[in-house]
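A.B. asks: One structure, pasted below without further comment.
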Amino acid sequence: MTDRIDDIAVALFGELFMADQLARTRISKVLPKGMELSHFGVLNHLARIGEERTPAQLAKSFRVTRGAMTNTLAKLEWAGHVHIRPDWDDARRKFVAISPAGRQARDAALSAIVPAVGDVVRALGPEKIRAVLPVLREMRTRFEHVE
């Protein structure tokens, strides 16, 4: 039994890893000029939650270092895609919000990403994708809680 579980785990890891690599490559190619996957990820996250976040919260959400998140946020702020303001109660802390220009950039990126991913959905069939989404979500949540 253990051998079968181990074999399945190895096959699952291999498929997830390759699918991730190939999807990232495809999406990176269609993103608007100058936008990186990390930029899109932050903009999409901020747009979906609709609330400010601290750089530390964003770093934790994306499982990156604070330094890496600070670098991404600096680029997004320079492009006018996010607003960074001090915390009025604690000057050591900052809050990040998506700007109207950031929302437009995110929407433009989605307009480019959806057809690229839509090709895969059409090729496999929406029914298959709908069937696998709950499993992928559950896997993601289990991985999120494993440290």
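Chains: A, B, ... in order of the structure tokens. Residues: from 1 per chain. Ligands: from 1, in order shown.
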I'd like the neighbourhood of A:Ile113 as a list in words, where a residue qualifies if any of its atoms comes within 12 Å (using only C-alpha atoms), though same-chain residues fewer than 2 positions away should be ignored.
C.D. replies: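 What passes the distance filter is Ala23, Arg24, Thr25, Arg26, Ile27, Ser28, Lys29, Val30, Leu31, Pro32, Leu37, Phe40, Arg106, Asp107, Ala108, Ala109, Leu110, Ser111, Pro115, Ala116, Val117, Gly118, Asp119 and Val120 of chain A.
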A.B. asks: Can you list, as a list in words, all residues belonging to stretch 5-143 of chain A that DSSP tags as strand (DSSP E)?
C.D. replies: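 Listing strand (DSSP E) positions across stretch 5-143 of chain A yields Val82, His83, Ile84, Arg85, Pro86, Lys94, Phe95, Val96, Ala97 and Ile98 of chain A.
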A.B. asks: Print the selection's residues with C-alpha atoms to a file, as a PDB file, in the first residue's frame.
C.D. replies:
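Full text of again23.pdb as output:
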ATOM      1  CA  VAL A  82      -0.438  50.530  -5.956  1.00  0.00           C
ATOM      2  CA  HIS A  83      -0.666  53.195  -3.284  1.00  0.00           C
ATOM      3  CA  ILE A  84       1.467  52.713  -0.193  1.00  0.00           C
ATOM      4  CA  ARG A  85       0.580  54.758   2.853  1.00  0.00           C
ATOM      5  CA  PRO A  86       1.804  54.831   6.443  1.00  0.00           C
ATOM      6  CA  LYS A  94       2.582  50.609   5.914  1.00  0.00           C
ATOM      7  CA  PHE A  95      -0.561  49.683   4.037  1.00  0.00           C
ATOM      8  CA  VAL A  96      -0.825  48.787   0.358  1.00  0.00           C
ATOM      9  CA  ALA A  97      -3.903  49.275  -1.835  1.00  0.00           C
ATOM     10  CA  ILE A  98      -4.442  48.780  -5.544  1.00  0.00           C
TER      11      ILE A  98
END
A.B. asks: With distances taken over only C-alpha atoms, which of A:Ala47, A:Ile5, A:Ala19, A:Ala56 is nearest to A:Arg103?
C.D. replies: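 Going through A:Ala47, A:Ile5, A:Ala19, A:Ala56 one by one, the smallest distance to A:Arg103 is for A:Ala47.
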A.B. asks: Just the number, please: distance in Å from atom CA of A:Val114 to atom CA of A:Ala74, one decimal.
C.D. replies: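 Going from atom CA of A:Val114 over to atom CA of A:Ala74 covers 26.8 Å.
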A.B. asks: Where does DSSP see alpha helix (DSSP H) in chain A, if you list the residues as a ChimeraX atom specification?
C.D. replies: /A:2-30,37-49,55-62,66-78,100-124,126-144
A.B. asks: Go through A:Ser99, A:Gln21, A:Gln104, A:Ser38 one by one, measure the shortest atom-to-atom distance of each to A:Arg63 using only C-alpha atoms, and give the residue with the smallest value.
C.D. replies: A:Ser38
